[in-house]
Amino acid sequence: MLYQGKSLSVKEIEPGITEVCFDQVGAPVNTLGTAALEELSAAMQQLNAFAGLKGVLFTSAKDGFIAGADITEFLGLFAGPEADLIAKVSAAAAILDQVADLPVPTVAAINGVALGGGFELCLAVDYRVLADDGKVGLPEVKLGIHPGFGGTVRLPRLIGCDNAIQWIASGDEQRAADALIVGAVDAVVPVAQLRAAALTLLKRAIAGDFDYKQRRFEKDQPVLLNAIEAMMSFTTSKGYVAAQAGPNMPAPLAAVKTIEKNASAPRAQALAIEAKGFAKLAKTPQAEALIGIFINNQTVAKANRRYEKNSQPVQHAGVLGAGIMGGGIAYQSALKGVPILMKDVAEAGLQAGIAEADGQLVQRVERGRMQPKEMAQVLARIRPTLDYRGFDELDVVVEAVVENKKVKQSVLAECEAQINESAVLASNTSTISITELASVLKRPAQFCGMHFFNPVYRMPLVEVIRGKETSDATVARVIDYAKKMGKTPIVVNDCPGFFVNRVLFPYFAGFSLLVRDGADFHQVDKVMERFGWPMGPAYLLDVVGIDTAHHASEVMAAGFPDRLAFSEKPIHTLLYEQKRFGQKNGVGFYRYEADKKGKLKKVDDPVVSELIGAVQKQTREFTDEEIIARMMIPMCIEVVRCLEEGIVGSPAEADMGLVLGIGFPPFRGGALRYIDQFGIENFVALADQYRELGALYQPTESLRKMAQEKRRFYGV
Ligand code: 3H9
């Protein structure tokens with residue numbers, strides 16, 4: 001053994017041929033964190049000192065190659081001054097230069113994924129062999145930054161500026177075949193032959209069959225583009241990339257600019273340009289928020305793992321009700337391999353549920369994402385039924401009938417008598433108290449909420465709601481089921497609206513007050529979409545369903561009368577009374593018309609402005625800032641309350657719930673990250689400006705205390 005560290009080892013595998021093998025002790029994936037980079041540098045020094053060295057093979061002993069720099073170090077690393085960060089990144093990139101400058105040919109055998117810094121290491125190596133099921137890419141822009149270990153320098157020199165811009169600005173992982181076509185890798189082989197193939201290539205390079213020195217020369221020179229080519233390439237792509245990323249995501253466009261600047265520079269200068277561009281992005285609030293999301297995801301996964309010891313895996317599931325939600329749950333369960341019994345009281349309901357699943361699967365097949373044979377297998381996993389036969393063999397049953405307490409209680413009690421004593425029962429209610437639903441059950445400990453979001457196949461969050469008597473084992477089983485369905489579960493405690501709806505309805509109430517006070521809802525939608533929401537509040541109400549929102553807001557008003565019960569009707573109730581239920585019946589705040597492809601398009605409907613005009617005392621102009629403040633403050637304060645009351649376990653879980661459940665702009669990181677970045681002191685002062693709007697706008701005492709003590713929700 002020439003070198004043994006905690007992240008990698010170096011040994012001579014044949015005379016003069018050495019293998020640098022990455023295998024980070026105790027970690028699920030290899031990363032290039034500070035310690036690993038130090039080891040890599042030490043290993044390079046050993047190799048340079050090794051007299052008989054002929055060639056170096058880079059491998060990984062894990063399922064994947066290297067997942068990039070260690071993202072968990074980023075927020076700490078990026079907190080200091082920009083100049084320090086430039087120095088640190090440059091020092092790290094210089095270690096990859098040591099790899100690039102080894103005095104002998106080098107080959108990387110890439111198994112699984114090589115992403116970010118992991119792929120940048122591969123780019124510093126002379127030749128790359130990739131497993132056919134492997135993927136490579138530079139996903140840094142998804143974290144609000146761009147590559148910092150030479151990716152913006154070496155990739156354009158290898159695959160051309162146009163391809164490199166596309167890879168780097170999209171951040172997408174690239175499949176092996178696509179990487180081979182553009183020349184990002186030199187060979188693609190079945191994973192079983194990877195090591196042997198890479199070694200053969202290395203030996204041929206040693207033998208002089210391939211000119212590795214010429215390759216290095218090309219990688220170290222400026223990119224060969226004449227002025228017209230350069231102008232065409234960069235001008236066109238800058239416009240395209242800026243339009244795609246939108247004004248809130250600076251990283252993709254900054255990446256193109258960095259590539260443009262360093263294209264005409266030799267290596268050392270180009271790397272310096274990259275380090276500067278990297279550090280500038282690293283200091284943006286977007287980078288902090290997006291990196292925060294990565295870390296919050298880990299926190300959520302860890303919180304869920306706490307339940308694992310109690311977990312009994314779900315193998316067979318059932319769903320009660322074959323409506324939009326029940327059908328969606330059946331489809332998702334079957335798609336992910338868990339067979340499901342779907343019960344309804346009417347044959348027509350069952351047929352609609354199956355038709356929904358069928359429609360989704362046909363789309364998959366048409367898009368080439370599934371073979372017809374697989375589609376048949378998925379459909380066979382959904383067994384429609386009008387009675388309870390087979391329910392005694394299920395591990396979990398999700399009730400998804402109409403959102404009415406009495407109906408749900410009756411269905412749940414009926415089902416409890418049919419399932420076996422160890423089975424878990426869950427309700428997909430969006431507002432009704434789990435403890436109250438449990439009051440009719442014999443085994444309340446084996447009951448909890450499992451709140452899916454519509455459409456089930458697309459929305460990644462599942463709220464798992466603990467009632468007063470829900471046991472850990474019940475929560476554990478429902479977490480297992482949600483994970484098997486490909487969802488992220490977040491465990492919350494019971495209260496009206498649970499977590500997500502509890503904080504969404506104050507936002508809708510803020511909207512209602514804003515329109516009551518004279519705002520144009522079209523403008524509110526536009527401003528909130530520019531703020532980063534996938535859709536503005538009026539459009540969102542139409543998508544949720546005005547009738548659904550009306551019923552839910554009554555539950556919320558009863559639960560929190562101090563801030564959600566108003567003397568005037570909420571704006572959406574005006575529409576409800578006119579039977580304008582939103583997208584579902586084609587009229588809500590907007591009118592919906594099918595376009596040529598059958599997709600619903602929203603169009604303005606002057607009737608609505610008249611309807612709203614009748615209740616507005618006046619119309620008046622609001623600035624964007626006022627609209628944002630009046631919309632965001634009620635939601636943010638309610639999130640704080642939920643955290644204080646223990647409805648949600650941590651800032652990480654709260655913010656992830658918002659990002660995954662209702663599309664809170666990811667580049668803002670969630671409500672608590674938003675308050676942190678705004679400054680708690682500034683947030684409290686802003687909320688106080690709106691105190692005449694009532695309790696909805698009143699910061700809690702502990703938030704005021706946090707402001708005084710200059711604390712934050714997130715440590716760094
Ligand atoms: C970069 O490289 C910047 C440089 O250009 C310059 C820097 C100066 N760091 O997802 P999994 C954790 S930016 C830290 O369940 P999978 C992950 O959170 C980096 N931790 O497995 C999880 O933790 P836990 C660019 C990481 O097989 C555990 O490993 N790279 C990292 O489904 C298992 O992960 C990326 O953006 C990391 N880089 O998927 C890649 N990667 O067990 C981000 C993973 O506590 N990572 N972990 O929950 C991924 O896309 C996926 O994790 C990957 C594996 C595809 C690698």
# chains A, B, ... in the order shown; residues from 1 in each chain; ligands from 1

call {"tool": "residues_near_ligand", "arguments": {"ligand": "ligand 1", "cutoff": "7 Å", "atoms": "only C-alpha atoms and all ligand atoms", "output": "list in words"}}
result
Pro28, Val29, Thr31, Ala67, Gly68, Ala69, Asp70, Ile71, Thr72, Val89, Val113, Leu115, Gly116, Gly117, Gly118, Leu138, Pro139, Glu140, Leu143, His146, Pro147, Gly148, Phe149, Gly151, Phe294, Asn297, Gln298, Ala301 and Lys302 of chain A

call {"tool": "write_last_selection", "arguments": {"atoms": "N, CA, C and O atoms", "output": "compact mmCIF listing (two decimals), in the first residue's frame"}}
result
# COMPACT_ATOMS: atom_id res chain seq x y z
N PRO A 28 -22.17 6.88 3.05
CA PRO A 28 -22.91 6.15 2.02
C PRO A 28 -22.38 6.41 0.61
O PRO A 28 -22.49 5.58 -0.28
N VAL A 29 -21.82 7.62 0.41
CA VAL A 29 -21.26 7.96 -0.91
C VAL A 29 -19.88 8.59 -0.71
O VAL A 29 -19.57 9.11 0.37
N THR A 31 -17.37 11.61 -1.22
CA THR A 31 -17.43 13.04 -1.56
C THR A 31 -16.02 13.61 -1.50
O THR A 31 -15.13 13.02 -0.89
N ALA A 67 -19.78 11.71 -5.44
CA ALA A 67 -20.99 12.54 -5.53
C ALA A 67 -20.69 14.03 -5.52
O ALA A 67 -21.59 14.84 -5.38
N GLY A 68 -19.42 14.41 -5.63
CA GLY A 68 -19.08 15.83 -5.68
C GLY A 68 -18.42 16.31 -4.42
O GLY A 68 -18.06 15.51 -3.53
N ALA A 69 -18.28 17.63 -4.32
CA ALA A 69 -17.75 18.22 -3.08
C ALA A 69 -18.72 17.86 -1.96
O ALA A 69 -19.87 17.49 -2.21
N ASP A 70 -18.27 18.00 -0.71
CA ASP A 70 -19.16 17.67 0.41
C ASP A 70 -20.08 18.87 0.68
O ASP A 70 -19.64 19.88 1.25
N ILE A 71 -21.32 18.74 0.27
CA ILE A 71 -22.25 19.88 0.34
C ILE A 71 -22.51 20.30 1.79
O ILE A 71 -22.78 21.46 2.07
N THR A 72 -22.37 19.36 2.71
CA THR A 72 -22.65 19.70 4.11
C THR A 72 -21.61 20.70 4.67
O THR A 72 -21.84 21.33 5.68
N VAL A 89 -11.15 27.90 -2.79
CA VAL A 89 -11.55 27.17 -4.00
C VAL A 89 -10.35 27.00 -4.92
O VAL A 89 -10.15 25.92 -5.51
N VAL A 113 -22.59 7.08 -10.25
CA VAL A 113 -22.57 8.48 -10.67
C VAL A 113 -21.25 9.15 -10.33
O VAL A 113 -20.61 8.84 -9.32
N LEU A 115 -20.57 13.10 -10.07
CA LEU A 115 -21.25 14.38 -10.18
C LEU A 115 -20.40 15.51 -9.60
O LEU A 115 -19.56 15.28 -8.72
N GLY A 116 -20.64 16.73 -10.09
CA GLY A 116 -19.96 17.90 -9.54
C GLY A 116 -18.46 17.67 -9.47
O GLY A 116 -17.84 17.21 -10.44
N GLY A 117 -17.87 17.96 -8.30
CA GLY A 117 -16.43 17.77 -8.13
C GLY A 117 -15.98 16.36 -8.47
O GLY A 117 -14.83 16.16 -8.90
N GLY A 118 -16.85 15.39 -8.32
CA GLY A 118 -16.51 13.99 -8.66
C GLY A 118 -16.26 13.85 -10.15
O GLY A 118 -15.32 13.18 -10.58
N LEU A 138 -22.64 17.92 -14.07
CA LEU A 138 -22.23 19.02 -13.20
C LEU A 138 -23.50 19.73 -12.71
O LEU A 138 -23.97 20.69 -13.33
N PRO A 139 -24.07 19.23 -11.58
CA PRO A 139 -25.37 19.75 -11.11
C PRO A 139 -25.27 20.99 -10.24
O PRO A 139 -26.25 21.37 -9.60
N GLU A 140 -24.11 21.65 -10.21
CA GLU A 140 -23.89 22.75 -9.26
C GLU A 140 -24.97 23.84 -9.33
O GLU A 140 -25.36 24.40 -8.31
N LEU A 143 -27.68 24.00 -6.99
CA LEU A 143 -27.36 24.48 -5.63
C LEU A 143 -27.11 25.99 -5.64
O LEU A 143 -26.64 26.55 -4.64
N HIS A 146 -21.83 27.54 -9.50
CA HIS A 146 -21.38 26.82 -10.70
C HIS A 146 -20.13 26.01 -10.35
O HIS A 146 -19.60 26.15 -9.23
N PRO A 147 -19.66 25.13 -11.23
CA PRO A 147 -18.51 24.29 -10.86
C PRO A 147 -17.33 25.13 -10.38
O PRO A 147 -17.13 26.26 -10.84
N GLY A 148 -16.56 24.55 -9.46
CA GLY A 148 -15.44 25.29 -8.89
C GLY A 148 -14.13 24.51 -8.91
O GLY A 148 -13.08 25.03 -8.53
N PHE A 149 -14.21 23.26 -9.37
CA PHE A 149 -12.98 22.44 -9.43
C PHE A 149 -12.54 22.24 -10.89
O PHE A 149 -12.07 21.18 -11.27
N GLY A 151 -14.48 22.54 -13.71
CA GLY A 151 -15.51 22.05 -14.64
C GLY A 151 -15.80 23.02 -15.77
O GLY A 151 -15.98 22.60 -16.92
N PHE A 294 -30.84 21.15 0.46
CA PHE A 294 -30.13 19.86 0.44
C PHE A 294 -29.92 19.35 1.87
O PHE A 294 -30.18 18.20 2.20
N ASN A 297 -33.14 18.33 3.57
CA ASN A 297 -33.55 17.00 3.10
C ASN A 297 -32.90 15.91 3.94
O ASN A 297 -33.53 14.93 4.30
N GLN A 298 -31.62 16.11 4.23
CA GLN A 298 -30.91 15.14 5.08
C GLN A 298 -31.53 15.11 6.47
O GLN A 298 -31.68 14.04 7.07
N ALA A 301 -34.74 13.17 6.34
CA ALA A 301 -34.46 11.73 6.22
C ALA A 301 -34.03 11.17 7.58
O ALA A 301 -34.45 10.08 7.98
N LYS A 302 -33.21 11.94 8.29
CA LYS A 302 -32.74 11.49 9.61
C LYS A 302 -33.91 11.40 10.60
O LYS A 302 -34.01 10.43 11.35

call {"tool": "residues_around", "arguments": {"residues": "Ile382 (chain A)", "least_positions_apart": "6", "cutoff": "9 Å", "atoms": "only C-alpha atoms", "output": "list in words"}}
result
Ala330, Tyr331, Ser333, Ala334, Pro339, Ile340, Leu341, Met342 and Ile354 of chain A

call {"tool": "residues_around", "arguments": {"residues": "region 558-567 of chain A", "least_positions_apart": "3", "cutoff": "6 Å", "atoms": "only C-alpha atoms", "output": "list of chain:residue names"}}
result
A:Pro496, A:Val555, A:Ala695, A:Leu696

call {"tool": "closest_residue", "arguments": {"among": "A:Leu224, A:Ile259, A:Val107, A:Lys219", "to": "Ala169 (chain A)", "atoms": "only C-alpha atoms"}}
result
A:Ile259

call {"tool": "residues_around", "arguments": {"residues": "region 437-443 of chain A", "least_positions_apart": "3", "cutoff": "12 Å", "atoms": "only C-alpha atoms", "output": "PyMOL selection string"}}
result
chain A and resi 399+403-417+419-429+431-434+446-449+465-471+474+494

call {"tool": "residues_around", "arguments": {"residues": "Val544 (chain A)", "least_positions_apart": "4", "cutoff": "10 Å", "atoms": "only C-alpha atoms", "output": "JSON, numbers by chain"}}
result
{"A": [453, 454, 538, 539, 540, 548, 549, 581, 582, 583, 584]}

call {"tool": "closest_residue", "arguments": {"among": "A:Leu123, A:Leu386, A:Ile546, A:Leu130", "to": "Arg215 (chain A)", "atoms": "only C-alpha atoms"}}
result
A:Leu123

call {"tool": "decode", "arguments": {"residues": "region 102-151 of chain A", "atoms": "N, CA and C atoms", "output": "tab-separated table (two decimals), in the first residue's frame"}}
result
chain	number	residue	atom	x	y	z
A	102	LEU	N	0.01	14.65	-13.35
A	102	LEU	CA	0.82	13.46	-13.03
A	102	LEU	C	1.70	13.12	-14.24
A	103	PRO	N	2.89	12.61	-13.99
A	103	PRO	CA	3.82	12.46	-15.13
A	103	PRO	C	3.54	11.24	-16.01
A	104	VAL	N	2.44	10.57	-15.77
A	104	VAL	CA	2.12	9.33	-16.50
A	104	VAL	C	0.64	9.37	-16.92
A	105	PRO	N	0.24	8.49	-17.86
A	105	PRO	CA	-1.17	8.49	-18.27
A	105	PRO	C	-2.10	8.06	-17.13
A	106	THR	N	-3.32	8.60	-17.16
A	106	THR	CA	-4.28	8.30	-16.10
A	106	THR	C	-5.65	7.96	-16.71
A	107	VAL	N	-6.38	7.06	-16.03
A	107	VAL	CA	-7.72	6.65	-16.51
A	107	VAL	C	-8.65	6.58	-15.30
A	108	ALA	N	-9.90	7.05	-15.49
A	108	ALA	CA	-10.90	6.89	-14.42
A	108	ALA	C	-11.90	5.81	-14.85
A	109	ALA	N	-12.16	4.87	-13.95
A	109	ALA	CA	-13.19	3.84	-14.18
A	109	ALA	C	-14.41	4.30	-13.39
A	110	ILE	N	-15.41	4.83	-14.11
A	110	ILE	CA	-16.53	5.50	-13.42
A	110	ILE	C	-17.72	4.55	-13.29
A	111	ASN	N	-18.00	4.17	-12.06
A	111	ASN	CA	-19.19	3.35	-11.80
A	111	ASN	C	-20.26	4.22	-11.15
A	112	GLY	N	-21.53	3.91	-11.37
A	112	GLY	CA	-22.60	4.70	-10.76
A	112	GLY	C	-22.54	6.14	-11.23
A	113	VAL	N	-22.59	7.08	-10.25
A	113	VAL	CA	-22.57	8.48	-10.67
A	113	VAL	C	-21.25	9.15	-10.33
A	114	ALA	N	-20.85	10.06	-11.21
A	114	ALA	CA	-19.75	10.99	-10.90
A	114	ALA	C	-20.33	12.37	-11.14
A	115	LEU	N	-20.57	13.10	-10.07
A	115	LEU	CA	-21.25	14.38	-10.18
A	115	LEU	C	-20.40	15.51	-9.60
A	116	GLY	N	-20.64	16.73	-10.09
A	116	GLY	CA	-19.96	17.90	-9.54
A	116	GLY	C	-18.46	17.67	-9.47
A	117	GLY	N	-17.87	17.96	-8.30
A	117	GLY	CA	-16.43	17.77	-8.13
A	117	GLY	C	-15.98	16.36	-8.47
A	118	GLY	N	-16.85	15.39	-8.32
A	118	GLY	CA	-16.51	13.99	-8.66
A	118	GLY	C	-16.26	13.85	-10.15
A	119	PHE	N	-17.09	14.52	-10.95
A	119	PHE	CA	-16.88	14.47	-12.39
A	119	PHE	C	-15.72	15.38	-12.79
A	120	GLU	N	-15.55	16.46	-12.05
A	120	GLU	CA	-14.43	17.36	-12.36
A	120	GLU	C	-13.10	16.66	-12.14
A	121	LEU	N	-13.06	15.75	-11.15
A	121	LEU	CA	-11.85	14.94	-10.98
A	121	LEU	C	-11.65	14.07	-12.24
A	122	CYS	N	-12.73	13.48	-12.73
A	122	CYS	CA	-12.63	12.65	-13.93
A	122	CYS	C	-12.15	13.47	-15.13
A	123	LEU	N	-12.58	14.75	-15.17
A	123	LEU	CA	-12.16	15.61	-16.29
A	123	LEU	C	-10.67	15.94	-16.21
A	124	ALA	N	-10.14	15.94	-14.98
A	124	ALA	CA	-8.71	16.22	-14.81
A	124	ALA	C	-7.86	15.01	-15.23
A	125	VAL	N	-8.50	13.83	-15.25
A	125	VAL	CA	-7.82	12.59	-15.64
A	125	VAL	C	-7.76	12.53	-17.17
A	126	ASP	N	-6.82	11.75	-17.74
A	126	ASP	CA	-6.67	11.76	-19.21
A	126	ASP	C	-7.81	11.05	-19.94
A	127	TYR	N	-8.21	9.88	-19.43
A	127	TYR	CA	-9.25	9.10	-20.13
A	127	TYR	C	-10.32	8.66	-19.14
A	128	ARG	N	-11.55	8.55	-19.65
A	128	ARG	CA	-12.69	8.16	-18.80
A	128	ARG	C	-13.42	6.98	-19.41
A	129	VAL	N	-13.60	5.94	-18.61
A	129	VAL	CA	-14.44	4.80	-19.03
A	129	VAL	C	-15.62	4.80	-18.07
A	130	LEU	N	-16.83	4.75	-18.65
A	130	LEU	CA	-18.04	4.86	-17.83
A	130	LEU	C	-18.86	3.58	-17.93
A	131	ALA	N	-19.39	3.12	-16.78
A	131	ALA	CA	-20.28	1.96	-16.79
A	131	ALA	C	-21.56	2.32	-17.54
A	132	ASP	N	-22.15	1.33	-18.24
A	132	ASP	CA	-23.30	1.68	-19.09
A	132	ASP	C	-24.52	2.13	-18.29
A	133	ASP	N	-24.58	1.78	-17.00
A	133	ASP	CA	-25.70	2.28	-16.19
A	133	ASP	C	-25.29	3.50	-15.37
A	134	GLY	N	-24.10	4.03	-15.65
A	134	GLY	CA	-23.59	5.18	-14.88
A	134	GLY	C	-24.10	6.51	-15.43
A	135	LYS	N	-23.88	7.53	-14.66
A	135	LYS	CA	-24.27	8.89	-15.09
A	135	LYS	C	-23.21	9.87	-14.64
A	136	VAL	N	-23.02	10.92	-15.46
A	136	VAL	CA	-22.08	11.97	-15.07
A	136	VAL	C	-22.77	13.31	-15.23
A	137	GLY	N	-22.21	14.34	-14.62
A	137	GLY	CA	-22.82	15.66	-14.80
A	137	GLY	C	-22.29	16.67	-13.81
A	138	LEU	N	-22.64	17.92	-14.07
A	138	LEU	CA	-22.23	19.02	-13.20
A	138	LEU	C	-23.50	19.73	-12.71
A	139	PRO	N	-24.07	19.23	-11.58
A	139	PRO	CA	-25.37	19.75	-11.11
A	139	PRO	C	-25.27	20.99	-10.24
A	140	GLU	N	-24.11	21.65	-10.21
A	140	GLU	CA	-23.89	22.75	-9.26
A	140	GLU	C	-24.97	23.84	-9.33
A	141	VAL	N	-25.46	24.17	-10.55
A	141	VAL	CA	-26.43	25.28	-10.64
A	141	VAL	C	-27.69	24.98	-9.82
A	142	LYS	N	-27.95	23.70	-9.60
A	142	LYS	CA	-29.14	23.36	-8.80
A	142	LYS	C	-28.93	23.75	-7.34
A	143	LEU	N	-27.68	24.00	-6.99
A	143	LEU	CA	-27.36	24.48	-5.63
A	143	LEU	C	-27.11	25.99	-5.64
A	144	GLY	N	-27.36	26.62	-6.76
A	144	GLY	CA	-27.19	28.07	-6.86
A	144	GLY	C	-25.75	28.51	-7.11
A	145	ILE	N	-24.88	27.56	-7.44
A	145	ILE	CA	-23.46	27.89	-7.71
A	145	ILE	C	-23.09	27.35	-9.09
A	146	HIS	N	-21.83	27.54	-9.50
A	146	HIS	CA	-21.38	26.82	-10.70
A	146	HIS	C	-20.13	26.01	-10.35
A	147	PRO	N	-19.66	25.13	-11.23
A	147	PRO	CA	-18.51	24.29	-10.86
A	147	PRO	C	-17.33	25.13	-10.38
A	148	GLY	N	-16.56	24.55	-9.46
A	148	GLY	CA	-15.44	25.29	-8.89
A	148	GLY	C	-14.13	24.51	-8.91
A	149	PHE	N	-14.21	23.26	-9.37
A	149	PHE	CA	-12.98	22.44	-9.43
A	149	PHE	C	-12.54	22.24	-10.89
A	150	GLY	N	-12.73	23.28	-11.71
A	150	GLY	CA	-12.22	23.21	-13.08
A	150	GLY	C	-13.25	22.77	-14.11
A	151	GLY	N	-14.48	22.54	-13.71
A	151	GLY	CA	-15.51	22.05	-14.64
A	151	GLY	C	-15.80	23.02	-15.77
